[in-house]
Amino acid sequence: MLTVMGATGNTGKKVVELLLAAGQDVRALGRSESRLAELATRGAQVLVGDPGDAAFLAKAFAGAEAVYTLLPADRESPDYHGDQRRKGEAIVQALRDSGVRHVVALSSLGAEQREGTGLLATLHAQEERLKTLADTNVLLLRPVSFFENFFDALAVIEHQGVNADSVEPDLAVPMIATRDIADVAAKAMLHRDWKGLAIRELLGPRDLSYREATRILGARLGKPGLEYVRLAPAEMTQALVQAGMSETFAGLYVEMTLAFNEGRVRPRAGRTAHNTTPTRFEDFVEEFALAATTK
């Protein structure tokens, strides 16, 4: 049995699908029974519960050969750090109580830094908690920006005719398809071939600037003149709050992008064959275009 948290999310659902395709028994965890229904019909054992409930998680982790964990983000939480701390502590307590020996944990580039990175600081705290697990083999996966994050820009592109964020326009950053993260995670859960604490950075096929990514998206959407606009921190914070996110989350997001802009979120050893993944942004834009037409 292999257990996957966040089984209806960007990475978790793909991990479940890959494990099922490999003929594995999978326990898929989520907060919505209706959203888990598809995975149930495909053979997964589904469990619905609160990711901050240690007792629920311990039951879900019990008997698993490996567990995929992540910190589900509540972008509307007025106390984002507190909410993430509650979930993180519950996950680690459940891992300890259930005796799981192999854990694959989704983290992020930049999580080695304790503070000054906004949203990423919660992942640093979770990495530190996971390191306290005795006799447990923990693999920390550290990607950076997901291609899928651009889905959040659909409404802005549609209604304002631009893509906007607070990242510097020409700053090239590692971007990755969530399918590539899921592939690494699923293989690790199947093989369980590492000992102790291991860290693997995942950087996508190449570094990409927001200006270039926007140009590629615009070309595919039939908007060849689509521009990227960098918003000032206060403007970005206001835009996120107007979109329904909490002021706490919005402020931490902008702090994270400032860390990007200042070059403080970067690979430890540069780009290598081991941390480069195959799916190109040009491949992803087909999925983006489909979402745009069905929105």
# chains A, B, ... in the order shown; residues from 1 in each chain; ligands from 1
$ residues_around --residues "A:Thr276" --least-positions-apart "6" --cutoff "12 Å" --atoms "only C-alpha atoms" --output "PDB file with all heavy atoms, in the first residue's frame"
ATOM      1  N   ARG A 142      12.373  19.467  -4.281  1.00  0.00           N
ATOM      2  CA  ARG A 142      12.407  20.936  -4.316  1.00  0.00           C
ATOM      3  C   ARG A 142      12.296  21.466  -5.744  1.00  0.00           C
ATOM      4  O   ARG A 142      13.287  21.784  -6.391  1.00  0.00           O
ATOM      5  CB  ARG A 142      13.703  21.445  -3.680  1.00  0.00           C
ATOM      6  CG  ARG A 142      13.779  21.273  -2.170  1.00  0.00           C
ATOM      7  CD  ARG A 142      15.077  21.851  -1.651  1.00  0.00           C
ATOM      8  NE  ARG A 142      15.182  21.790  -0.192  1.00  0.00           N
ATOM      9  CZ  ARG A 142      16.286  22.090   0.481  1.00  0.00           C
ATOM     10  NH1 ARG A 142      17.380  22.482  -0.178  1.00  0.00           N
ATOM     11  NH2 ARG A 142      16.319  21.997   1.797  1.00  0.00           N
ATOM     12  N   PRO A 143      11.062  21.567  -6.262  1.00  0.00           N
ATOM     13  CA  PRO A 143      10.854  22.297  -7.519  1.00  0.00           C
ATOM     14  C   PRO A 143      10.719  23.782  -7.212  1.00  0.00           C
ATOM     15  O   PRO A 143      10.910  24.200  -6.070  1.00  0.00           O
ATOM     16  CB  PRO A 143       9.538  21.708  -8.029  1.00  0.00           C
ATOM     17  CG  PRO A 143       8.791  21.388  -6.769  1.00  0.00           C
ATOM     18  CD  PRO A 143       9.838  20.978  -5.741  1.00  0.00           C
ATOM     19  N   PRO A 174      13.581  28.729 -12.845  1.00  0.00           N
ATOM     20  CA  PRO A 174      13.191  27.359 -13.182  1.00  0.00           C
ATOM     21  C   PRO A 174      11.679  27.197 -13.101  1.00  0.00           C
ATOM     22  O   PRO A 174      11.055  27.605 -12.126  1.00  0.00           O
ATOM     23  CB  PRO A 174      13.895  26.516 -12.107  1.00  0.00           C
ATOM     24  CG  PRO A 174      14.960  27.389 -11.542  1.00  0.00           C
ATOM     25  CD  PRO A 174      14.418  28.779 -11.638  1.00  0.00           C
ATOM     26  N   MET A 175      11.082  26.651 -14.143  1.00  0.00           N
ATOM     27  CA  MET A 175       9.651  26.347 -14.149  1.00  0.00           C
ATOM     28  C   MET A 175       9.479  24.900 -14.568  1.00  0.00           C
ATOM     29  O   MET A 175      10.231  24.399 -15.407  1.00  0.00           O
ATOM     30  CB  MET A 175       8.894  27.267 -15.113  1.00  0.00           C
ATOM     31  CG  MET A 175       8.922  28.735 -14.747  1.00  0.00           C
ATOM     32  SD  MET A 175       7.844  29.709 -15.849  1.00  0.00           S
ATOM     33  CE  MET A 175       8.297  31.385 -15.358  1.00  0.00           C
ATOM     34  N   ILE A 176       8.458  24.249 -13.994  1.00  0.00           N
ATOM     35  CA  ILE A 176       8.329  22.804 -14.177  1.00  0.00           C
ATOM     36  C   ILE A 176       6.872  22.396 -14.328  1.00  0.00           C
ATOM     37  O   ILE A 176       5.971  23.018 -13.762  1.00  0.00           O
ATOM     38  CB  ILE A 176       8.979  22.062 -12.975  1.00  0.00           C
ATOM     39  CG1 ILE A 176       9.044  20.549 -13.217  1.00  0.00           C
ATOM     40  CG2 ILE A 176       8.240  22.388 -11.675  1.00  0.00           C
ATOM     41  CD1 ILE A 176       9.866  19.819 -12.183  1.00  0.00           C
ATOM     42  N   ALA A 177       6.657  21.333 -15.093  1.00  0.00           N
ATOM     43  CA  ALA A 177       5.334  20.727 -15.206  1.00  0.00           C
ATOM     44  C   ALA A 177       5.096  19.827 -14.006  1.00  0.00           C
ATOM     45  O   ALA A 177       5.976  19.064 -13.610  1.00  0.00           O
ATOM     46  CB  ALA A 177       5.234  19.910 -16.492  1.00  0.00           C
ATOM     47  N   ASP A 180       5.968  16.154 -14.196  1.00  0.00           N
ATOM     48  CA  ASP A 180       7.352  15.726 -13.996  1.00  0.00           C
ATOM     49  C   ASP A 180       7.669  15.553 -12.512  1.00  0.00           C
ATOM     50  O   ASP A 180       8.434  14.658 -12.126  1.00  0.00           O
ATOM     51  CB  ASP A 180       8.313  16.734 -14.624  1.00  0.00           C
ATOM     52  CG  ASP A 180       8.270  16.715 -16.151  1.00  0.00           C
ATOM     53  OD1 ASP A 180       7.678  15.772 -16.711  1.00  0.00           O
ATOM     54  OD2 ASP A 180       8.825  17.641 -16.769  1.00  0.00           O
ATOM     55  N   ILE A 181       7.095  16.403 -11.668  1.00  0.00           N
ATOM     56  CA  ILE A 181       7.242  16.211 -10.226  1.00  0.00           C
ATOM     57  C   ILE A 181       6.598  14.897  -9.812  1.00  0.00           C
ATOM     58  O   ILE A 181       7.174  14.099  -9.058  1.00  0.00           O
ATOM     59  CB  ILE A 181       6.589  17.372  -9.453  1.00  0.00           C
ATOM     60  CG1 ILE A 181       7.216  18.711  -9.840  1.00  0.00           C
ATOM     61  CG2 ILE A 181       6.701  17.149  -7.942  1.00  0.00           C
ATOM     62  CD1 ILE A 181       6.477  19.920  -9.292  1.00  0.00           C
ATOM     63  N   VAL A 184       8.712  11.799 -10.711  1.00  0.00           N
ATOM     64  CA  VAL A 184       9.819  11.574  -9.778  1.00  0.00           C
ATOM     65  C   VAL A 184       9.294  11.017  -8.459  1.00  0.00           C
ATOM     66  O   VAL A 184       9.858  10.069  -7.902  1.00  0.00           O
ATOM     67  CB  VAL A 184      10.606  12.879  -9.548  1.00  0.00           C
ATOM     68  CG1 VAL A 184      11.626  12.707  -8.418  1.00  0.00           C
ATOM     69  CG2 VAL A 184      11.313  13.302 -10.832  1.00  0.00           C
ATOM     70  N   ARG A 200      16.257  16.408  -3.505  1.00  0.00           N
ATOM     71  CA  ARG A 200      16.360  16.435  -4.969  1.00  0.00           C
ATOM     72  C   ARG A 200      15.694  17.683  -5.512  1.00  0.00           C
ATOM     73  O   ARG A 200      14.486  17.883  -5.342  1.00  0.00           O
ATOM     74  CB  ARG A 200      15.727  15.191  -5.601  1.00  0.00           C
ATOM     75  CG  ARG A 200      15.899  15.176  -7.121  1.00  0.00           C
ATOM     76  CD  ARG A 200      15.564  13.868  -7.750  1.00  0.00           C
ATOM     77  NE  ARG A 200      15.731  13.933  -9.194  1.00  0.00           N
ATOM     78  CZ  ARG A 200      15.400  12.968 -10.046  1.00  0.00           C
ATOM     79  NH1 ARG A 200      14.892  11.829  -9.584  1.00  0.00           N
ATOM     80  NH2 ARG A 200      15.576  13.118 -11.349  1.00  0.00           N
ATOM     81  N   GLU A 201      16.484  18.530  -6.137  1.00  0.00           N
ATOM     82  CA  GLU A 201      15.943  19.709  -6.803  1.00  0.00           C
ATOM     83  C   GLU A 201      15.398  19.312  -8.170  1.00  0.00           C
ATOM     84  O   GLU A 201      15.964  18.448  -8.846  1.00  0.00           O
ATOM     85  CB  GLU A 201      17.031  20.766  -6.947  1.00  0.00           C
ATOM     86  CG  GLU A 201      17.525  21.295  -5.599  1.00  0.00           C
ATOM     87  CD  GLU A 201      18.660  22.285  -5.725  1.00  0.00           C
ATOM     88  OE1 GLU A 201      19.286  22.335  -6.810  1.00  0.00           O
ATOM     89  OE2 GLU A 201      18.924  23.006  -4.750  1.00  0.00           O
ATOM     90  N   LEU A 202      14.304  19.951  -8.581  1.00  0.00           N
ATOM     91  CA  LEU A 202      13.662  19.672  -9.861  1.00  0.00           C
ATOM     92  C   LEU A 202      13.434  20.997 -10.572  1.00  0.00           C
ATOM     93  O   LEU A 202      12.644  21.827 -10.115  1.00  0.00           O
ATOM     94  CB  LEU A 202      12.326  18.946  -9.641  1.00  0.00           C
ATOM     95  CG  LEU A 202      12.416  17.602  -8.915  1.00  0.00           C
ATOM     96  CD1 LEU A 202      11.029  17.069  -8.582  1.00  0.00           C
ATOM     97  CD2 LEU A 202      13.189  16.588  -9.744  1.00  0.00           C
ATOM     98  N   LEU A 203      14.102  21.194 -11.706  1.00  0.00           N
ATOM     99  CA  LEU A 203      14.179  22.521 -12.305  1.00  0.00           C
ATOM    100  C   LEU A 203      13.469  22.678 -13.641  1.00  0.00           C
ATOM    101  O   LEU A 203      13.608  23.717 -14.288  1.00  0.00           O
ATOM    102  CB  LEU A 203      15.652  22.920 -12.476  1.00  0.00           C
ATOM    103  CG  LEU A 203      16.532  22.840 -11.221  1.00  0.00           C
ATOM    104  CD1 LEU A 203      17.921  23.375 -11.528  1.00  0.00           C
ATOM    105  CD2 LEU A 203      15.912  23.586 -10.064  1.00  0.00           C
ATOM    106  N   GLY A 204      12.720  21.662 -14.071  1.00  0.00           N
ATOM    107  CA  GLY A 204      12.094  21.792 -15.378  1.00  0.00           C
ATOM    108  C   GLY A 204      13.135  21.687 -16.482  1.00  0.00           C
ATOM    109  O   GLY A 204      14.316  21.430 -16.240  1.00  0.00           O
ATOM    110  N   PRO A 205      12.742  21.898 -17.743  1.00  0.00           N
ATOM    111  CA  PRO A 205      13.685  21.743 -18.854  1.00  0.00           C
ATOM    112  C   PRO A 205      14.646  22.902 -19.027  1.00  0.00           C
ATOM    113  O   PRO A 205      15.750  22.730 -19.539  1.00  0.00           O
ATOM    114  CB  PRO A 205      12.771  21.606 -20.074  1.00  0.00           C
ATOM    115  CG  PRO A 205      11.540  22.369 -19.696  1.00  0.00           C
ATOM    116  CD  PRO A 205      11.369  22.158 -18.222  1.00  0.00           C
ATOM    117  N   ARG A 206      14.214  24.122 -18.619  1.00  0.00           N
ATOM    118  CA  ARG A 206      15.084  25.297 -18.758  1.00  0.00           C
ATOM    119  C   ARG A 206      14.517  26.434 -17.903  1.00  0.00           C
ATOM    120  O   ARG A 206      13.345  26.415 -17.525  1.00  0.00           O
ATOM    121  CB  ARG A 206      15.170  25.756 -20.215  1.00  0.00           C
ATOM    122  CG  ARG A 206      13.902  26.416 -20.766  1.00  0.00           C
ATOM    123  CD  ARG A 206      14.058  26.750 -22.235  1.00  0.00           C
ATOM    124  NE  ARG A 206      13.019  27.610 -22.767  1.00  0.00           N
ATOM    125  CZ  ARG A 206      11.812  27.197 -23.153  1.00  0.00           C
ATOM    126  NH1 ARG A 206      11.500  25.920 -23.031  1.00  0.00           N
ATOM    127  NH2 ARG A 206      10.943  28.054 -23.655  1.00  0.00           N
ATOM    128  N   ASP A 207      15.372  27.400 -17.616  1.00  0.00           N
ATOM    129  CA  ASP A 207      14.893  28.595 -16.927  1.00  0.00           C
ATOM    130  C   ASP A 207      14.111  29.454 -17.926  1.00  0.00           C
ATOM    131  O   ASP A 207      14.467  29.528 -19.110  1.00  0.00           O
ATOM    132  CB  ASP A 207      16.060  29.389 -16.360  1.00  0.00           C
ATOM    133  CG  ASP A 207      16.764  28.671 -15.220  1.00  0.00           C
ATOM    134  OD1 ASP A 207      16.315  27.569 -14.841  1.00  0.00           O
ATOM    135  OD2 ASP A 207      17.763  29.207 -14.706  1.00  0.00           O
ATOM    136  N   PRO A 267      19.003  27.193  -7.360  1.00  0.00           N
ATOM    137  CA  PRO A 267      19.513  25.848  -7.124  1.00  0.00           C
ATOM    138  C   PRO A 267      20.825  25.877  -6.345  1.00  0.00           C
ATOM    139  O   PRO A 267      21.625  26.808  -6.485  1.00  0.00           O
ATOM    140  CB  PRO A 267      19.732  25.295  -8.540  1.00  0.00           C
ATOM    141  CG  PRO A 267      18.919  26.165  -9.431  1.00  0.00           C
ATOM    142  CD  PRO A 267      18.883  27.509  -8.790  1.00  0.00           C
ATOM    143  N   GLY A 270      23.349  24.579  -9.316  1.00  0.00           N
ATOM    144  CA  GLY A 270      23.097  24.883 -10.718  1.00  0.00           C
ATOM    145  C   GLY A 270      22.273  23.806 -11.397  1.00  0.00           C
ATOM    146  O   GLY A 270      21.765  22.876 -10.771  1.00  0.00           O
TER     147      GLY A 270
END
$ residues_around --residues "A:Val162" --least-positions-apart "5" --cutoff "9 Å" --atoms "only C-alpha atoms" --output "ChimeraX atom specification"
/A:153,156-157,214,226-229
$ write_last_selection --atoms "N, CA, C and O atoms" --output "PDB file, in the first residue's frame"
ATOM      1  N   ALA A 153      -3.639  33.109 -14.140  1.00  0.00           N
ATOM      2  CA  ALA A 153      -3.591  34.319 -14.959  1.00  0.00           C
ATOM      3  C   ALA A 153      -4.690  34.363 -16.015  1.00  0.00           C
ATOM      4  O   ALA A 153      -4.853  35.388 -16.690  1.00  0.00           O
ATOM      5  N   VAL A 156      -7.126  37.354 -15.738  1.00  0.00           N
ATOM      6  CA  VAL A 156      -6.473  38.633 -16.027  1.00  0.00           C
ATOM      7  C   VAL A 156      -6.252  38.793 -17.524  1.00  0.00           C
ATOM      8  O   VAL A 156      -6.488  39.856 -18.108  1.00  0.00           O
ATOM      9  N   ILE A 157      -5.787  37.724 -18.171  1.00  0.00           N
ATOM     10  CA  ILE A 157      -5.545  37.767 -19.611  1.00  0.00           C
ATOM     11  C   ILE A 157      -6.855  38.026 -20.358  1.00  0.00           C
ATOM     12  O   ILE A 157      -6.915  38.833 -21.291  1.00  0.00           O
ATOM     13  N   THR A 214       4.914  34.516 -21.187  1.00  0.00           N
ATOM     14  CA  THR A 214       3.716  35.223 -21.633  1.00  0.00           C
ATOM     15  C   THR A 214       3.663  35.299 -23.152  1.00  0.00           C
ATOM     16  O   THR A 214       2.584  35.153 -23.762  1.00  0.00           O
ATOM     17  N   LEU A 226       0.381  39.752 -26.632  1.00  0.00           N
ATOM     18  CA  LEU A 226       0.158  39.662 -25.189  1.00  0.00           C
ATOM     19  C   LEU A 226       1.418  40.076 -24.431  1.00  0.00           C
ATOM     20  O   LEU A 226       2.501  39.568 -24.695  1.00  0.00           O
ATOM     21  N   GLU A 227       1.242  40.991 -23.491  1.00  0.00           N
ATOM     22  CA  GLU A 227       2.380  41.519 -22.745  1.00  0.00           C
ATOM     23  C   GLU A 227       2.339  41.082 -21.291  1.00  0.00           C
ATOM     24  O   GLU A 227       1.281  40.803 -20.734  1.00  0.00           O
ATOM     25  N   TYR A 228       3.524  41.057 -20.703  1.00  0.00           N
ATOM     26  CA  TYR A 228       3.649  40.819 -19.269  1.00  0.00           C
ATOM     27  C   TYR A 228       3.906  42.149 -18.577  1.00  0.00           C
ATOM     28  O   TYR A 228       4.770  42.921 -19.008  1.00  0.00           O
ATOM     29  N   VAL A 229       3.159  42.408 -17.518  1.00  0.00           N
ATOM     30  CA  VAL A 229       3.295  43.651 -16.765  1.00  0.00           C
ATOM     31  C   VAL A 229       3.731  43.314 -15.348  1.00  0.00           C
ATOM     32  O   VAL A 229       3.078  42.512 -14.664  1.00  0.00           O
TER      33      VAL A 229
END
$ closest_residue --among "A:Gln126, A:Glu282, A:Ala60, A:Gly88" --to "A:Ala219" --atoms "only C-alpha atoms"
A:Glu282
$ closest_residue --among "A:Glu168, A:Glu33, A:Glu255, A:Glu235" --to "A:Val48" --atoms "only C-alpha atoms"
A:Glu33
$ residues_around --residues "stretch 35-44 of chain A" --least-positions-apart "3" --cutoff "8 Å" --atoms "only C-alpha atoms" --output "list in words"
Ala7, Thr8, Val16, Glu17, Leu20, Asp25, Val26, Arg27, Ala28, Gly30 and Ser32 of chain A
$ write_last_selection --atoms "all heavy atoms" --output "mmCIF file, in the first residue's frame"
data_model
loop_
_atom_site.group_PDB
_atom_site.id
_atom_site.type_symbol
_atom_site.label_atom_id
_atom_site.label_comp_id
_atom_site.auth_asym_id
_atom_site.auth_seq_id
_atom_site.Cartn_x
_atom_site.Cartn_y
_atom_site.Cartn_z
ATOM 1 N N ALA A 7 -4.635 14.191 -3.060
ATOM 2 C CA ALA A 7 -4.862 13.356 -4.241
ATOM 3 C C ALA A 7 -5.754 13.979 -5.297
ATOM 4 O O ALA A 7 -5.932 13.397 -6.373
ATOM 5 C CB ALA A 7 -5.441 12.005 -3.818
ATOM 6 N N THR A 8 -6.312 15.149 -5.031
ATOM 7 C CA THR A 8 -7.071 15.847 -6.071
ATOM 8 C C THR A 8 -6.326 17.087 -6.560
ATOM 9 O O THR A 8 -6.850 17.844 -7.370
ATOM 10 C CB THR A 8 -8.461 16.271 -5.555
ATOM 11 O OG1 THR A 8 -8.309 17.152 -4.436
ATOM 12 C CG2 THR A 8 -9.273 15.065 -5.127
ATOM 13 N N VAL A 16 -1.066 9.546 -7.866
ATOM 14 C CA VAL A 16 -2.005 8.426 -7.735
ATOM 15 C C VAL A 16 -2.187 7.717 -9.070
ATOM 16 O O VAL A 16 -2.140 6.474 -9.151
ATOM 17 C CB VAL A 16 -3.372 8.920 -7.205
ATOM 18 C CG1 VAL A 16 -4.405 7.788 -7.252
ATOM 19 C CG2 VAL A 16 -3.236 9.447 -5.790
ATOM 20 N N GLU A 17 -2.389 8.467 -10.120
ATOM 21 C CA GLU A 17 -2.610 7.867 -11.439
ATOM 22 C C GLU A 17 -1.414 7.036 -11.884
ATOM 23 O O GLU A 17 -1.575 5.930 -12.432
ATOM 24 C CB GLU A 17 -2.904 8.966 -12.454
ATOM 25 C CG GLU A 17 -4.254 9.654 -12.221
ATOM 26 C CD GLU A 17 -4.446 10.902 -13.070
ATOM 27 O OE1 GLU A 17 -3.442 11.438 -13.588
ATOM 28 O OE2 GLU A 17 -5.600 11.340 -13.230
ATOM 29 N N LEU A 20 -1.294 3.783 -9.749
ATOM 30 C CA LEU A 20 -2.329 2.843 -10.187
ATOM 31 C C LEU A 20 -1.934 2.185 -11.501
ATOM 32 O O LEU A 20 -2.136 0.974 -11.690
ATOM 33 C CB LEU A 20 -3.672 3.559 -10.337
ATOM 34 C CG LEU A 20 -4.365 4.012 -9.052
ATOM 35 C CD1 LEU A 20 -5.607 4.838 -9.390
ATOM 36 C CD2 LEU A 20 -4.751 2.817 -8.185
ATOM 37 N N ASP A 25 -1.414 -0.824 -5.046
ATOM 38 C CA ASP A 25 -2.535 -0.453 -4.192
ATOM 39 C C ASP A 25 -2.263 0.958 -3.677
ATOM 40 O O ASP A 25 -1.188 1.232 -3.138
ATOM 41 C CB ASP A 25 -2.649 -1.414 -3.010
ATOM 42 C CG ASP A 25 -3.073 -2.819 -3.444
ATOM 43 O OD1 ASP A 25 -3.818 -2.923 -4.437
ATOM 44 O OD2 ASP A 25 -2.644 -3.794 -2.805
ATOM 45 N N VAL A 26 -3.241 1.836 -3.842
ATOM 46 C CA VAL A 26 -3.047 3.238 -3.487
ATOM 47 C C VAL A 26 -4.176 3.722 -2.595
ATOM 48 O O VAL A 26 -5.350 3.472 -2.868
ATOM 49 C CB VAL A 26 -2.994 4.138 -4.747
ATOM 50 C CG1 VAL A 26 -2.719 5.585 -4.346
ATOM 51 C CG2 VAL A 26 -1.937 3.643 -5.717
ATOM 52 N N ARG A 27 -3.802 4.419 -1.549
ATOM 53 C CA ARG A 27 -4.757 5.084 -0.664
ATOM 54 C C ARG A 27 -4.656 6.574 -0.973
ATOM 55 O O ARG A 27 -3.612 7.185 -0.755
ATOM 56 C CB ARG A 27 -4.400 4.781 0.789
ATOM 57 C CG ARG A 27 -5.457 5.134 1.811
ATOM 58 C CD ARG A 27 -5.005 4.656 3.194
ATOM 59 N NE ARG A 27 -5.066 3.216 3.314
ATOM 60 C CZ ARG A 27 -4.229 2.497 4.073
ATOM 61 N NH1 ARG A 27 -3.273 3.086 4.748
ATOM 62 N NH2 ARG A 27 -4.357 1.184 4.136
ATOM 63 N N ALA A 28 -5.727 7.145 -1.486
ATOM 64 C CA ALA A 28 -5.734 8.540 -1.935
ATOM 65 C C ALA A 28 -6.489 9.400 -0.933
ATOM 66 O O ALA A 28 -7.652 9.137 -0.630
ATOM 67 C CB ALA A 28 -6.382 8.643 -3.317
ATOM 68 N N GLY A 30 -7.934 13.163 0.488
ATOM 69 C CA GLY A 30 -8.383 14.474 0.043
ATOM 70 C C GLY A 30 -9.473 15.001 0.949
ATOM 71 O O GLY A 30 -9.885 14.333 1.898
ATOM 72 N N SER A 32 -12.424 16.302 -0.390
ATOM 73 C CA SER A 32 -13.703 16.309 -1.104
ATOM 74 C C SER A 32 -14.008 14.923 -1.660
ATOM 75 O O SER A 32 -13.284 14.421 -2.529
ATOM 76 C CB SER A 32 -13.661 17.328 -2.251
ATOM 77 O OG SER A 32 -14.759 17.163 -3.129
#
$ decode --residues "stretch 113-120 of chain A" --atoms "all heavy atoms" --output "PDB file, in the first residue's frame"
ATOM      1  N   GLN A 113      16.189  28.140   3.430  1.00  0.00           N
ATOM      2  CA  GLN A 113      16.266  29.430   4.126  1.00  0.00           C
ATOM      3  C   GLN A 113      15.126  29.554   5.134  1.00  0.00           C
ATOM      4  O   GLN A 113      13.970  29.329   4.810  1.00  0.00           O
ATOM      5  CB  GLN A 113      16.188  30.573   3.118  1.00  0.00           C
ATOM      6  CG  GLN A 113      17.292  30.530   2.068  1.00  0.00           C
ATOM      7  CD  GLN A 113      17.111  31.585   0.993  1.00  0.00           C
ATOM      8  OE1 GLN A 113      17.071  32.770   1.289  1.00  0.00           O
ATOM      9  NE2 GLN A 113      17.000  31.149  -0.258  1.00  0.00           N
ATOM     10  N   ARG A 114      15.468  29.975   6.342  1.00  0.00           N
ATOM     11  CA  ARG A 114      14.498  30.009   7.434  1.00  0.00           C
ATOM     12  C   ARG A 114      13.498  31.144   7.292  1.00  0.00           C
ATOM     13  O   ARG A 114      12.344  31.014   7.700  1.00  0.00           O
ATOM     14  CB  ARG A 114      15.231  30.124   8.771  1.00  0.00           C
ATOM     15  CG  ARG A 114      14.331  30.075   9.999  1.00  0.00           C
ATOM     16  CD  ARG A 114      15.157  29.999  11.279  1.00  0.00           C
ATOM     17  NE  ARG A 114      15.944  31.216  11.448  1.00  0.00           N
ATOM     18  CZ  ARG A 114      15.506  32.308  12.061  1.00  0.00           C
ATOM     19  NH1 ARG A 114      14.259  32.352  12.525  1.00  0.00           N
ATOM     20  NH2 ARG A 114      16.281  33.368  12.208  1.00  0.00           N
ATOM     21  N   GLU A 115      13.903  32.281   6.731  1.00  0.00           N
ATOM     22  CA  GLU A 115      13.020  33.437   6.681  1.00  0.00           C
ATOM     23  C   GLU A 115      13.357  34.305   5.479  1.00  0.00           C
ATOM     24  O   GLU A 115      14.345  34.069   4.779  1.00  0.00           O
ATOM     25  CB  GLU A 115      13.154  34.255   7.972  1.00  0.00           C
ATOM     26  CG  GLU A 115      14.561  34.733   8.244  1.00  0.00           C
ATOM     27  CD  GLU A 115      14.692  35.373   9.612  1.00  0.00           C
ATOM     28  OE1 GLU A 115      13.720  35.339  10.393  1.00  0.00           O
ATOM     29  OE2 GLU A 115      15.775  35.929   9.899  1.00  0.00           O
ATOM     30  N   GLY A 116      12.501  35.291   5.225  1.00  0.00           N
ATOM     31  CA  GLY A 116      12.730  36.217   4.134  1.00  0.00           C
ATOM     32  C   GLY A 116      12.294  35.719   2.776  1.00  0.00           C
ATOM     33  O   GLY A 116      12.571  36.366   1.767  1.00  0.00           O
ATOM     34  N   THR A 117      11.577  34.581   2.743  1.00  0.00           N
ATOM     35  CA  THR A 117      11.151  34.005   1.466  1.00  0.00           C
ATOM     36  C   THR A 117       9.631  33.881   1.361  1.00  0.00           C
ATOM     37  O   THR A 117       9.121  33.189   0.495  1.00  0.00           O
ATOM     38  CB  THR A 117      11.771  32.614   1.258  1.00  0.00           C
ATOM     39  OG1 THR A 117      11.406  31.774   2.371  1.00  0.00           O
ATOM     40  CG2 THR A 117      13.283  32.694   1.140  1.00  0.00           C
ATOM     41  N   GLY A 118       8.910  34.546   2.254  1.00  0.00           N
ATOM     42  CA  GLY A 118       7.455  34.533   2.164  1.00  0.00           C
ATOM     43  C   GLY A 118       6.857  33.159   2.350  1.00  0.00           C
ATOM     44  O   GLY A 118       7.103  32.493   3.360  1.00  0.00           O
ATOM     45  N   LEU A 119       6.087  32.722   1.374  1.00  0.00           N
ATOM     46  CA  LEU A 119       5.401  31.432   1.459  1.00  0.00           C
ATOM     47  C   LEU A 119       6.365  30.271   1.668  1.00  0.00           C
ATOM     48  O   LEU A 119       6.017  29.260   2.296  1.00  0.00           O
ATOM     49  CB  LEU A 119       4.594  31.192   0.179  1.00  0.00           C
ATOM     50  CG  LEU A 119       3.494  32.201  -0.135  1.00  0.00           C
ATOM     51  CD1 LEU A 119       2.896  31.905  -1.506  1.00  0.00           C
ATOM     52  CD2 LEU A 119       2.398  32.180   0.931  1.00  0.00           C
ATOM     53  N   LEU A 120       7.567  30.391   1.162  1.00  0.00           N
ATOM     54  CA  LEU A 120       8.520  29.281   1.225  1.00  0.00           C
ATOM     55  C   LEU A 120       9.024  29.023   2.638  1.00  0.00           C
ATOM     56  O   LEU A 120       9.525  27.928   2.928  1.00  0.00           O
ATOM     57  CB  LEU A 120       9.705  29.542   0.299  1.00  0.00           C
ATOM     58  CG  LEU A 120       9.364  29.836  -1.172  1.00  0.00           C
ATOM     59  CD1 LEU A 120      10.632  29.971  -1.983  1.00  0.00           C
ATOM     60  CD2 LEU A 120       8.456  28.761  -1.750  1.00  0.00           C
TER      61      LEU A 120
END
